[in-house]
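Shown next, in structure tokens, is the structure this report addresses.
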Protein chains: 2
Amino acid sequence: MMMPPAEALAFALTRLHDLPALSARLGTPLEAGDIAAILEEAARFAEERIAPGRVEADRTGCALENGVVRTPPGYAALLEEWRAAGWQGVAAPEAHGGQGLPHAMLTSVFELATSADMSFALMPMLTAGAIELLVHHASEDQAARLLPPLVSAAWNGTMCLTEPQAGSDLSSIRTRAVPDGAGGYRISGQKIYITWGENDLAENTLHFVLARLPDAPAGSRGISLFACPKVLPDGRRNALRCGGIERKPGIHACPTCTMIFEEAEGELVGEPHRGLAAMFSMMNAARLAVGVEGVGQCARATLLAEAYAADRVQGGRPIAEYPDVARMLSEMRAVTHAARLLSLDAAVCIDRARAGEAGAEGRLALLTPIVKAWCTERGVEVASLGIQVHGGAGYVEDSGAAQLWRDARIAPIYEGTNGIQAMDLLVRKLPRALPEFLALVEEAGASDPALRGPAEALARAARHLAAASPEEAGAAAAPFLDAAGWVLGGGWLARAAAIEPALAADGAFFLRRLLPRAGARLEEALAGEMAPA
Amino acid sequence: MMMPPAEALAFALTRLHDLPALSARLGTPLEAGDIAAILEEAARFAEERIAPGRVEADRTGCALENGVVRTPPGYAALLEEWRAAGWQGVAAPEAHGGQGLPHAMLTSVFELATSADMSFALMPMLTAGAIELLVHHASEDQAARLLPPLVSAAWNGTMCLTEPQAGSDLSSIRTRAVPDGAGGYRISGQKIYITWGENDLAENTLHFVLARLPDAPAGSRGISLFACPKVLPDGRRNALRCGGIERKPGIHACPTCTMIFEEAEGELVGEPHRGLAAMFSMMNAARLAVGVEGVGQCARATLLAEAYAADRVQGGRPIAEYPDVARMLSEMRAVTHAARLLSLDAAVCIDRARAGEAGAEGRLALLTPIVKAWCTERGVEVASLGIQVHGGAGYVEDSGAAQLWRDARIAPIYEGTNGIQAMDLLVRKLPRALPEFLALVEEAGASDPALRGPAEALARAARHLAAASPEEAGAAAAPFLDAAGWVLGGGWLARAAAIEPALAADGAFFLRRLLPRAGARLEEALAGEMAPA
């Protein structure tokens with residue numbers, strides 16, 4: 001059976017990473033016992049408070065009634081419990097009501113929460129992104145006003161980027177912001193795919209909106225960032241509303257809203273025309289968070305499948321004992337562990353960078369697109385294996401297995417599609433940071449003899465592709481990123497298996513059975529430009 | 001853009017296979033022009049009559065009301081049109097109202113119908129299975145009574161196999177059949193996952209039910225097959241009813257029923273205690289049909305994604321021109337073609353076997369599990385790529401892309417899970433038919449220099465695994481089957497590309513970029529027994 005997620009997270013943060021030492025350097029010392037205790041408590045909260053409502057919340061879904069999004073019945077009480085337990089502020093500054101713990105702790109808490117109910121967890125996840133944004137880009141006055149209600153989870157935060165004509169290409173955003181003459185702005189435009197954009201849960205919703213000022217230059221350098229609350233400080237409703245919610249294959253309990261701004265009052269966050277840069281500075285954290293959603297879905301799918309396979313008897317024995325079912329369960333476990341360790345490497349880098357460690361920022365920049373894309377692909381795949389382990393019951397919603405698969409499918413699209421992540425890694429970052437990437441790969445290659453060959457092949461491909469034409473690099477990006485995920489994830493799992501006997505079987509399974517996929521994807525990446533279709 | 005499916009099917013049946021000559025040998029001569037014309041007409045029917053209602057039917061779904069399953073509004077008229085057009089009887093005996101055309105034509109028609117709406121197409125697909133069953137196992141009297149209404153699609157047929165405790169292991173079936181003293185039987189028991197088991201569309205529903213006679217030995221040798229109509233010849237309702245329908249992630253417009261038999265009147269089909277063998281003789285056709293569902297989903301996903309990518313502009317040009325989107329579209333096209341050609345190889349074998357061709361039966365037996373499992377895995381994968389091409393719009397149901405993915409996910413489970421297929425290939429069939437399998441692989445290896453290496457690796461693995469221990473074979477089965485699919489599908493696509501310039505780019509893409517996956521799966525298959533978890 002799989003090592004319980006909280007235990008696996010604590011193992012990684014104390015025995016693979018030295019979070020106790022790192023947290024001490026950050027001025028918020030945590031001992032190994034503290035880390036384990038916090039994660040145990042987060043797991044208890046996730047299992048006992050969040051998870052039990054997951055299937056019912058999916059079945060109920062959301063509805064838009066007279067401009068208000070009605071959410072599933074249990075969510076109001078659940079959000080109250082989440083607030084009371086203080087999970088929202090785990091990594092937020094103590095000055096604004098948070099606990100100031102390392103980012104890696106927040107990442108771990110969110111893996112556990114997402115694993116319990118992705119629809120619900122998306123609200124605090126986006127609020128955490130809003131907190132991150134304000135911490136880095138708000139004025140002192142803004143921080144004092146806006147952070148405390150977000151940190152306490154009284155308010156939720158949203159990111160209003162996409163417009164119907166501007167998806168992956170944000171430079172074509174049309175939403176306008178006009179100064180109101182009193183230091184504020186009036187925002188007008190339509191934003192789509194706004195997660196938790198409108199809801200009947202939070203006291204207030206703070207929208208972070210990308211828009212153009214009247215004097216803005218065209219393109220991505222003319223976009224500014226504004227904060228627009230649903231309810232204004234004097235209690236009036238702001239001139240913004242939900243125009244509709246999407247019908248989606250999954251995350252039914254999480255409203256995906258069209259938001260309409262009709263001269264809504266807003267305030268500028270950061271410098272004029274620098275909104276995209278501000279948004280992108282928090283994007284790294286958001287992308288990492290989405291990767292962690294993939295990990296959470298992997299973990300839940302594995303737990304469900306293990307329980308079913310142990311229980312379901314065919315031909316006189318539990319199906320877990322049949323070799324093909326055992327194969328699927330082993331793949332699920334091994335991939336879950338590798339994805340978790342890969343995502344924690346990135347999460348710890350955020351803390352290491354904050355502690356001023358050389359190289360941490362650069363490592364984070366390289367890992368972020370890999371974590372986002374590789375872990376979310378694996379989330380869908382492992383959830384699909386989970387359905388398969390259940391057989392016919394897997395395609396019946398009562399099992400809960402299909403929901404994980406439906407929910408997980410959004411993650412490869414969120415926060416920059418996985419294709420965008422692959423281009424970010426191979427076209428934008430690799431040419432500037434080839435030595436840093438090669439060092440990462442070498443580290444993985446050194447972790448086990450089985451990894452030496454694949455790591456060398458990955459390094460060779462990186463050297464070649466860092467200098468390739470845009471056409472060749474574009475066609476190579478996705479399989480290259482995928483190969484990097486298998487090698488780097490495998491490297492972490494090998495290191496873990498080497499010191500923790502409970503992970504030895506999963507490590508061996510990964511290296512012998514799954515790692516060859518890296519080679520196949522590298523062959524694909526090195527096949528050259530696309531022939532004309 | 002992808003070659004239109006009807007054109008690709010006609011190309012395969014006339015230029016890769018000689019269906020005109022084969023059909024002449026079968027006594028129902030079809031010229032190349034006839035084949036193309038029938039497929040054009042089937043495509044027109046699928047596009048103009050079936051496909052337009054797909055998204056709405058999914059949205060409406062089915063409901064059980066007072067024992068009657070209410071199906072989407074458009075389906076009654078659609079079934080009338082399907083009947084009037086005579087598609088149900090394409091391959092059925094002329095003596096019973098069919099057209100007696102080759103099975104490959106029926107397979108092609110079902111690819112097109114499934115591609116238009118899988119939920120709807122499942123009803124005629126199962127009816128076709130019932131026809132097949134009666135053709136091979138019914139008495140003359142039974143055939144005369146029961147075949148005509150099935151061939152005309154006035155009735156629909158179901159397969160009642162699974163029970164709550166008997167899924168992959170049918171030997172533990174408990175449903176009982178007691179002779180009524182007048183040559184008939186009374187059937188009692190509960191069957192689950194009965195596709196189209198109850199509905200408000202067909203005049204009558206004929207259930208084929210596996211059950212045990214009072215004197216039946218235990219295990220799979222004591223199971224008999226019975227035909228139980230919903231409405232008896234004298235107009236009375238039979239003592240069987242729908243106890244519930246399942247809530248599923250996809251095929252919402254197709255009711256998946258629990259059927260309760262309470263001393264229902266039935267007649268024996270075939271010999272007593274030989275029901276499982278009779279059911280399995282039709283299972284090959286059904287498994288092939290499910291594989292073809294995967295092909296249909298691939299084709300529709302590709303058409304939708306191509307249209308969206310040509311239309312959607314970002315950064316001043318259609319997204320189809322971005323290399324990573326082009327990569328996804330190419331993969332979708334290449335896999336669709338390969339899966340179609342692989343499934344047609346098996347379909348043509350059915351006709352070749354009927355024409356008495358040596359080796360056709362054995363080839364079909366080897367190809368069936370590969371088509372079932374490989375094509376259905378690809379169906380889910382290609383549908384998922386289709387979502388990804390759409391970006392955020394792919395996760396919104398309006399696009400129709402997510403529905404394909406949700407619908408396609410049942411196919412790896414239906415008619416024996418893909419794990420069962422893999423065991424059937426590697427454990428049951430390969431040891432008895434190794435030379436025949438090696439000949440198939442050699443044929444693929446000879447089709448292009450790029451295939452020689454992978455084919456040799458597959459042959460080596462087959463020789464090793466045909467003599468492996470049950471534990472090693474069990475753990476190797478799924479990746480081995482998958483590798484076989486990549487090699488054999490690649491072989492067909494290479495042969496097609498060699499004679500049809502319109503397929504050259506897809507062929508090259510497959511061989512250079514996708515074929516390495518075969519090697520990775522073979523490494524996995526050869527990794528030995530599973531370590532204890």
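All residue names refer to the structure tokens as shown: chains lettered A, B, ... in order, residues numbered from 1 in each chain, ligands numbered from 1 in order.
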Polymer residues at most 10 Å from region 209-224 of chain B, only C-alpha atoms, same-chain spacing of 3 or more positions, as a CSV table (one decimal) with all heavy atoms, in the first residue's frame:
```csv
chain,number,residue,atom,x,y,z
A,315,GLY,N,-12.7,-14.5,-9.0
A,315,GLY,CA,-11.9,-15.7,-9.1
A,315,GLY,C,-11.3,-16.1,-7.8
A,315,GLY,O,-10.3,-16.8,-7.7
B,158,THR,N,-29.6,-6.9,-26.4
B,158,THR,CA,-28.7,-6.6,-25.3
B,158,THR,C,-27.9,-7.9,-24.9
B,158,THR,O,-28.3,-9.0,-25.3
B,158,THR,CB,-29.4,-6.2,-24.0
B,158,THR,OG1,-29.9,-7.3,-23.3
B,158,THR,CG2,-30.5,-5.2,-24.3
B,159,MET,N,-26.8,-7.7,-24.3
B,159,MET,CA,-26.0,-8.8,-23.7
B,159,MET,C,-26.0,-8.7,-22.2
B,159,MET,O,-25.4,-7.8,-21.7
B,159,MET,CB,-24.6,-8.7,-24.2
B,159,MET,CG,-24.5,-8.9,-25.7
B,159,MET,SD,-22.8,-8.7,-26.4
B,159,MET,CE,-21.8,-9.0,-25.0
B,160,CYS,N,-26.7,-9.7,-21.6
B,160,CYS,CA,-26.8,-9.6,-20.1
B,160,CYS,C,-25.8,-10.6,-19.5
B,160,CYS,O,-26.1,-11.8,-19.3
B,160,CYS,CB,-28.2,-9.9,-19.7
B,160,CYS,SG,-29.4,-8.7,-20.3
B,161,LEU,N,-24.6,-10.1,-19.2
B,161,LEU,CA,-23.5,-11.0,-18.7
B,161,LEU,C,-23.2,-10.7,-17.2
B,161,LEU,O,-23.4,-11.5,-16.4
B,161,LEU,CB,-22.2,-10.8,-19.5
B,161,LEU,CG,-22.1,-11.5,-20.9
B,161,LEU,CD1,-23.0,-10.8,-21.9
B,161,LEU,CD2,-20.7,-11.4,-21.4
B,162,THR,N,-22.8,-9.5,-17.0
B,162,THR,CA,-22.3,-9.1,-15.7
B,162,THR,C,-23.3,-9.1,-14.6
B,162,THR,O,-24.5,-8.7,-14.8
B,162,THR,CB,-21.7,-7.6,-15.8
B,162,THR,OG1,-20.8,-7.6,-16.9
B,162,THR,CG2,-21.0,-7.2,-14.5
B,163,GLU,N,-22.9,-9.6,-13.4
B,163,GLU,CA,-23.7,-9.5,-12.2
B,163,GLU,C,-22.8,-8.8,-11.2
B,163,GLU,O,-21.6,-8.7,-11.3
B,163,GLU,CB,-24.1,-10.9,-11.7
B,163,GLU,CG,-24.9,-11.6,-12.8
B,163,GLU,CD,-25.3,-13.0,-12.4
B,163,GLU,OE1,-25.0,-13.4,-11.2
B,163,GLU,OE2,-25.9,-13.7,-13.2
B,169,ASP,N,-14.8,-12.0,-14.0
B,169,ASP,CA,-15.0,-13.5,-13.7
B,169,ASP,C,-16.4,-13.9,-13.9
B,169,ASP,O,-17.2,-14.0,-13.0
B,169,ASP,CB,-14.5,-13.8,-12.3
B,169,ASP,CG,-14.7,-15.2,-12.0
B,169,ASP,OD1,-14.7,-16.1,-12.9
B,169,ASP,OD2,-14.8,-15.5,-10.8
B,170,LEU,N,-16.8,-14.3,-15.1
B,170,LEU,CA,-18.1,-14.7,-15.4
B,170,LEU,C,-18.5,-16.1,-14.9
B,170,LEU,O,-19.7,-16.4,-14.8
B,170,LEU,CB,-18.4,-14.7,-16.9
B,170,LEU,CG,-18.4,-13.3,-17.6
B,170,LEU,CD1,-18.5,-13.4,-19.1
B,170,LEU,CD2,-19.6,-12.5,-17.0
B,171,SER,N,-17.5,-16.8,-14.4
B,171,SER,CA,-17.8,-18.2,-13.9
B,171,SER,C,-18.6,-18.1,-12.7
B,171,SER,O,-19.2,-19.1,-12.3
B,171,SER,CB,-16.5,-19.0,-13.7
B,171,SER,OG,-15.8,-18.4,-12.6
B,172,SER,N,-18.7,-17.0,-12.0
B,172,SER,CA,-19.4,-17.0,-10.7
B,172,SER,C,-20.8,-16.4,-10.9
B,172,SER,O,-21.4,-16.0,-9.9
B,172,SER,CB,-18.6,-16.1,-9.7
B,172,SER,OG,-18.4,-14.8,-10.2
B,173,ILE,N,-21.3,-16.5,-12.1
B,173,ILE,CA,-22.7,-16.0,-12.4
B,173,ILE,C,-23.7,-16.8,-11.6
B,173,ILE,O,-23.6,-18.0,-11.4
B,173,ILE,CB,-23.0,-16.1,-13.9
B,173,ILE,CG1,-22.5,-14.9,-14.6
B,173,ILE,CG2,-24.5,-16.4,-14.2
B,173,ILE,CD1,-22.6,-15.0,-16.1
B,174,ARG,N,-24.7,-16.1,-11.0
B,174,ARG,CA,-25.7,-16.8,-10.1
B,174,ARG,C,-27.1,-16.8,-10.7
B,174,ARG,O,-28.0,-17.5,-10.2
B,174,ARG,CB,-25.8,-16.0,-8.8
B,174,ARG,CG,-24.6,-16.3,-7.9
B,174,ARG,CD,-24.8,-15.6,-6.6
B,174,ARG,NE,-23.5,-15.4,-5.9
B,174,ARG,CZ,-23.2,-14.4,-5.1
B,174,ARG,NH1,-24.1,-13.4,-4.9
B,174,ARG,NH2,-22.0,-14.4,-4.6
B,175,THR,N,-27.4,-16.0,-11.8
B,175,THR,CA,-28.7,-16.0,-12.4
B,175,THR,C,-29.2,-17.5,-12.7
B,175,THR,O,-28.4,-18.2,-13.3
B,175,THR,CB,-28.8,-15.1,-13.6
B,175,THR,OG1,-28.5,-13.8,-13.2
B,175,THR,CG2,-30.1,-15.1,-14.3
B,176,ARG,N,-30.4,-17.8,-12.4
B,176,ARG,CA,-30.9,-19.1,-12.5
B,176,ARG,C,-31.9,-19.2,-13.7
B,176,ARG,O,-32.7,-18.3,-13.9
B,176,ARG,CB,-31.6,-19.7,-11.3
B,176,ARG,CG,-30.6,-19.7,-10.0
B,176,ARG,CD,-31.4,-20.1,-8.8
B,176,ARG,NE,-32.7,-19.5,-8.7
B,176,ARG,CZ,-33.0,-18.3,-8.3
B,176,ARG,NH1,-32.0,-17.5,-7.9
B,176,ARG,NH2,-34.2,-17.9,-8.2
B,177,ALA,N,-32.0,-20.4,-14.3
B,177,ALA,CA,-33.0,-20.7,-15.3
B,177,ALA,C,-33.6,-22.0,-15.0
B,177,ALA,O,-32.9,-23.0,-14.8
B,177,ALA,CB,-32.4,-20.7,-16.7
B,178,VAL,N,-34.9,-22.0,-14.9
B,178,VAL,CA,-35.6,-23.3,-14.5
B,178,VAL,C,-36.6,-23.6,-15.7
B,178,VAL,O,-37.4,-22.8,-16.1
B,178,VAL,CB,-36.4,-23.1,-13.2
B,178,VAL,CG1,-37.2,-24.3,-12.8
B,178,VAL,CG2,-35.5,-22.6,-12.1
B,179,PRO,N,-36.5,-24.9,-16.1
B,179,PRO,CA,-37.4,-25.3,-17.2
B,179,PRO,C,-38.9,-25.1,-16.7
B,179,PRO,O,-39.2,-25.4,-15.6
B,179,PRO,CB,-37.1,-26.8,-17.4
B,179,PRO,CG,-35.8,-27.0,-16.8
B,179,PRO,CD,-35.7,-26.0,-15.7
B,185,TYR,N,-38.2,-21.6,-20.4
B,185,TYR,CA,-37.5,-21.5,-19.1
B,185,TYR,C,-38.0,-20.2,-18.4
B,185,TYR,O,-38.5,-19.3,-19.0
B,185,TYR,CB,-36.0,-21.4,-19.4
B,185,TYR,CG,-35.4,-22.7,-20.0
B,185,TYR,CD1,-35.5,-22.9,-21.4
B,185,TYR,CD2,-34.8,-23.6,-19.2
B,185,TYR,CE1,-35.0,-24.0,-21.9
B,185,TYR,CE2,-34.3,-24.8,-19.8
B,185,TYR,CZ,-34.4,-25.0,-21.1
B,185,TYR,OH,-33.9,-26.2,-21.7
B,186,ARG,N,-37.8,-20.3,-17.0
B,186,ARG,CA,-38.0,-19.1,-16.2
B,186,ARG,C,-36.7,-18.6,-15.7
B,186,ARG,O,-36.0,-19.3,-15.0
B,186,ARG,CB,-39.0,-19.4,-15.1
B,186,ARG,CG,-40.4,-19.8,-15.5
B,186,ARG,CD,-41.1,-18.7,-16.3
B,186,ARG,NE,-42.4,-19.1,-16.7
B,186,ARG,CZ,-43.5,-18.3,-16.4
B,186,ARG,NH1,-43.3,-17.1,-15.8
B,186,ARG,NH2,-44.7,-18.7,-16.8
B,187,ILE,N,-36.4,-17.3,-16.0
B,187,ILE,CA,-35.1,-16.8,-15.6
B,187,ILE,C,-35.2,-15.8,-14.5
B,187,ILE,O,-36.1,-15.0,-14.5
B,187,ILE,CB,-34.5,-16.0,-16.8
B,187,ILE,CG1,-34.7,-16.7,-18.2
B,187,ILE,CG2,-33.0,-15.6,-16.6
B,187,ILE,CD1,-33.9,-17.9,-18.4
B,188,SER,N,-34.3,-16.0,-13.4
B,188,SER,CA,-34.4,-15.1,-12.3
B,188,SER,C,-33.0,-14.7,-11.9
B,188,SER,O,-32.1,-15.6,-11.8
B,188,SER,CB,-35.0,-15.9,-11.1
B,188,SER,OG,-36.3,-16.3,-11.4
B,189,GLY,N,-32.8,-13.4,-11.7
B,189,GLY,CA,-31.5,-12.9,-11.3
B,189,GLY,C,-31.4,-11.4,-11.6
B,189,GLY,O,-32.3,-10.8,-12.1
B,191,LYS,N,-28.8,-8.5,-13.4
B,191,LYS,CA,-27.7,-8.2,-14.3
B,191,LYS,C,-27.4,-6.7,-14.2
B,191,LYS,O,-28.3,-5.9,-14.1
B,191,LYS,CB,-28.0,-8.6,-15.7
B,191,LYS,CG,-28.3,-10.1,-15.9
B,191,LYS,CD,-27.0,-10.9,-15.8
B,191,LYS,CE,-27.2,-12.4,-16.0
B,191,LYS,NZ,-25.9,-13.1,-16.0
B,206,LEU,N,-34.6,-7.6,-27.0
B,206,LEU,CA,-34.3,-9.0,-26.8
B,206,LEU,C,-33.1,-9.1,-26.0
B,206,LEU,O,-32.0,-8.7,-26.5
B,206,LEU,CB,-34.2,-9.7,-28.2
B,206,LEU,CG,-34.2,-11.2,-28.1
B,206,LEU,CD1,-35.4,-11.8,-27.5
B,206,LEU,CD2,-33.9,-11.8,-29.5
B,227,ALA,N,-32.6,-16.4,-24.5
B,227,ALA,CA,-33.1,-15.1,-25.1
B,227,ALA,C,-34.4,-14.8,-24.4
B,227,ALA,O,-35.4,-15.6,-24.3
B,227,ALA,CB,-33.4,-15.4,-26.6
B,228,CYS,N,-34.5,-13.6,-23.8
B,228,CYS,CA,-35.7,-13.1,-23.1
B,228,CYS,C,-36.2,-11.8,-23.7
B,228,CYS,O,-35.5,-10.8,-23.6
B,228,CYS,CB,-35.4,-12.9,-21.6
B,228,CYS,SG,-34.9,-14.3,-20.7
B,261,PHE,N,-34.6,-9.9,-13.4
B,261,PHE,CA,-35.4,-10.9,-14.0
B,261,PHE,C,-36.1,-11.7,-12.9
B,261,PHE,O,-35.4,-12.2,-12.0
B,261,PHE,CB,-34.5,-11.9,-14.9
B,261,PHE,CG,-33.8,-11.2,-16.0
B,261,PHE,CD1,-32.6,-10.5,-15.8
B,261,PHE,CD2,-34.3,-11.2,-17.3
B,261,PHE,CE1,-32.0,-9.8,-16.9
B,261,PHE,CE2,-33.7,-10.6,-18.4
B,261,PHE,CZ,-32.6,-9.9,-18.2
B,266,GLY,N,-38.0,-17.3,-21.0
B,266,GLY,CA,-36.9,-17.2,-22.0
B,266,GLY,C,-36.8,-18.5,-22.7
B,266,GLY,O,-37.4,-19.5,-22.3
B,267,GLU,N,-36.0,-18.5,-23.8
B,267,GLU,CA,-35.8,-19.7,-24.5
B,267,GLU,C,-34.3,-19.9,-24.6
B,267,GLU,O,-33.5,-19.0,-24.7
B,267,GLU,CB,-36.4,-19.7,-25.9
B,267,GLU,CG,-36.0,-18.5,-26.8
B,267,GLU,CD,-36.8,-18.4,-28.1
B,267,GLU,OE1,-36.6,-19.3,-28.9
B,267,GLU,OE2,-37.6,-17.5,-28.3
B,268,LEU,N,-33.9,-21.2,-24.6
B,268,LEU,CA,-32.5,-21.6,-24.6
B,268,LEU,C,-32.0,-21.3,-26.1
B,268,LEU,O,-32.6,-21.6,-27.1
B,268,LEU,CB,-32.4,-23.1,-24.3
B,268,LEU,CG,-31.0,-23.7,-24.2
B,268,LEU,CD1,-30.2,-23.1,-23.0
B,268,LEU,CD2,-31.0,-25.2,-24.2
B,269,VAL,N,-30.8,-20.7,-26.1
B,269,VAL,CA,-30.1,-20.5,-27.4
B,269,VAL,C,-28.8,-21.4,-27.4
B,269,VAL,O,-28.0,-21.3,-26.5
B,269,VAL,CB,-29.7,-19.1,-27.6
B,269,VAL,CG1,-29.0,-18.9,-28.9
B,269,VAL,CG2,-31.0,-18.2,-27.6
B,270,GLY,N,-28.7,-22.3,-28.3
B,270,GLY,CA,-27.6,-23.2,-28.4
B,270,GLY,C,-27.8,-24.3,-27.4
B,270,GLY,O,-28.9,-24.6,-26.9
B,271,GLU,N,-26.7,-25.0,-27.0
B,271,GLU,CA,-26.7,-26.2,-26.1
B,271,GLU,C,-26.8,-25.8,-24.7
B,271,GLU,O,-26.2,-24.7,-24.3
B,271,GLU,CB,-25.4,-27.0,-26.4
B,271,GLU,CG,-25.2,-27.5,-27.8
B,271,GLU,CD,-26.2,-28.5,-28.1
B,271,GLU,OE1,-26.3,-29.5,-27.3
B,271,GLU,OE2,-26.9,-28.4,-29.2
B,272,PRO,N,-27.4,-26.6,-23.8
B,272,PRO,CA,-27.3,-26.3,-22.4
B,272,PRO,C,-25.8,-26.3,-21.9
B,272,PRO,O,-25.0,-27.1,-22.5
B,272,PRO,CB,-28.1,-27.5,-21.8
B,272,PRO,CG,-28.9,-28.1,-22.9
B,272,PRO,CD,-28.1,-27.8,-24.1
B,273,HIS,N,-25.5,-25.5,-21.0
B,273,HIS,CA,-24.2,-25.5,-20.3
B,273,HIS,C,-23.1,-24.9,-21.3
B,273,HIS,O,-21.9,-24.9,-21.0
B,273,HIS,CB,-23.7,-26.8,-19.8
B,273,HIS,CG,-24.7,-27.5,-18.9
B,273,HIS,ND1,-25.6,-26.8,-18.1
B,273,HIS,CD2,-25.1,-28.8,-18.9
B,273,HIS,CE1,-26.4,-27.6,-17.5
B,273,HIS,NE2,-26.1,-28.9,-17.9
B,274,ARG,N,-23.5,-24.6,-22.5
B,274,ARG,CA,-22.5,-24.1,-23.5
B,274,ARG,C,-22.7,-22.6,-23.8
B,274,ARG,O,-22.2,-22.1,-24.8
B,274,ARG,CB,-22.6,-24.9,-24.8
B,274,ARG,CG,-22.3,-26.4,-24.6
B,274,ARG,CD,-20.9,-26.7,-24.3
B,274,ARG,NE,-20.0,-26.1,-25.2
B,274,ARG,CZ,-19.6,-26.7,-26.4
B,274,ARG,NH1,-20.2,-27.8,-26.7
B,274,ARG,NH2,-18.8,-26.1,-27.2
B,275,GLY,N,-23.3,-21.9,-22.9
B,275,GLY,CA,-23.7,-20.5,-23.1
B,275,GLY,C,-22.5,-19.6,-23.2
B,275,GLY,O,-22.4,-18.7,-24.0
B,276,LEU,N,-21.5,-19.9,-22.4
B,276,LEU,CA,-20.3,-19.0,-22.3
B,276,LEU,C,-19.6,-19.1,-23.7
B,276,LEU,O,-19.1,-18.1,-24.2
B,276,LEU,CB,-19.4,-19.4,-21.2
B,276,LEU,CG,-18.7,-18.2,-20.5
B,276,LEU,CD1,-19.6,-17.1,-20.1
B,276,LEU,CD2,-17.9,-18.7,-19.3
B,277,ALA,N,-19.5,-20.3,-24.2
B,277,ALA,CA,-18.8,-20.5,-25.5
B,277,ALA,C,-19.5,-19.8,-26.6
B,277,ALA,O,-18.9,-19.2,-27.4
B,277,ALA,CB,-18.7,-22.0,-25.8
B,278,ALA,N,-20.9,-19.9,-26.5
B,278,ALA,CA,-21.7,-19.2,-27.6
B,278,ALA,C,-21.5,-17.7,-27.5
B,278,ALA,O,-21.3,-17.0,-28.5
B,278,ALA,CB,-23.2,-19.6,-27.4
B,279,MET,N,-21.5,-17.2,-26.2
B,279,MET,CA,-21.3,-15.8,-26.0
B,279,MET,C,-20.0,-15.3,-26.5
B,279,MET,O,-19.8,-14.3,-27.1
B,279,MET,CB,-21.5,-15.5,-24.5
B,279,MET,CG,-21.9,-14.1,-24.2
B,279,MET,SD,-23.4,-13.4,-25.0
B,279,MET,CE,-24.4,-13.1,-23.6
```
Any idea what's packed within 7 Å of Asp117 (chain A), counting only C-alpha atoms, ignoring anything in its chain fewer than 5 positions away? Could you give it as an NGL selection string?
:A and (50-51 or 54)
Determine, counting only C-alpha atoms, which protein, DNA and RNA residues have an atom within 8 Å of an atom of Arg241 (chain A); residues of the same chain fewer than 6 positions away are not included. Present the result as a list in words.
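Close residues of Arg241 (chain A): Gly67, Glu198, Met259, Ile260 and Phe261 of chain A.
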Selected residue of minimal separation from Ala444 (chain B) among B:Leu465, B:Leu458, B:Ile38, B:Ala305, counting only C-alpha atoms
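Among B:Leu465, B:Leu458, B:Ile38, B:Ala305, it is B:Leu458 that comes nearest to Ala444 (chain B).
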Which of these, B:Met125, B:Leu101, B:Leu112, B:Leu367, has the shortest distance to Thr28 (chain B) once you count only C-alpha atoms?
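Between B:Met125, B:Leu101, B:Leu112, B:Leu367, the residue approaching Thr28 (chain B) most closely is B:Leu101.
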Would you kindly return, as JSON, numbers by chain, each protein, DNA or RNA residue with an atom no farther than 12 Å from any atom of region 141-153 of chain A, considering only C-alpha atoms and excluding same-chain residues fewer than 5 positions away?
{"A": [78, 79, 80, 81, 82, 83, 84, 85, 86, 87, 88, 89, 90, 91, 92, 93, 94, 95, 96, 97, 98, 99, 100, 123, 124, 125, 126, 127, 128, 129, 130, 131, 132, 133, 134, 135, 136, 158, 201, 202, 203, 204, 205, 206, 207, 208, 226, 227, 228, 229, 232, 233, 266, 267, 268, 269, 270]}
Please extract the residues of region 40-258 of chain B with a backbone DSSP assignment of strand (DSSP E) and present them as number ranges by chain.
B: 63-65, 68-70, 155-160, 176-179, 185-195, 204-212, 223-229, 240-245, 256-258
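Between CA of Cys375 (chain B) and CA of Ala433 (chain B) the interatomic distance comes to 22.1 Å.
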Which neighbours of Leu488 (chain B) fall inside 12 Å, counting only C-alpha atoms, when residues of the same chain fewer than 3 positions from it are skipped, and could you give them as number ranges by chain?
B: 335, 338-343, 345-346, 366-367, 370-371, 374-375, 437-448, 451-452, 454-455, 458-459, 481-485, 491-495, 510-511, 515, 518
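Of note, CA of Pro369 (chain B) and CA of Glu7 (chain B) are spaced 26.2 Å apart.
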Pick out each residue of region 270-453 of chain A that DSSP on the backbone tags as helix (DSSP H, G or I); I need them as a count of residues only.
151
Give me, as a PyMOL selection string, all polymer residues having an atom no more than 7 Å from Ser115 (chain B), counting only C-alpha atoms and skipping those fewer than 6 positions away in the same chain.
chain B and resi 296-297+299-300
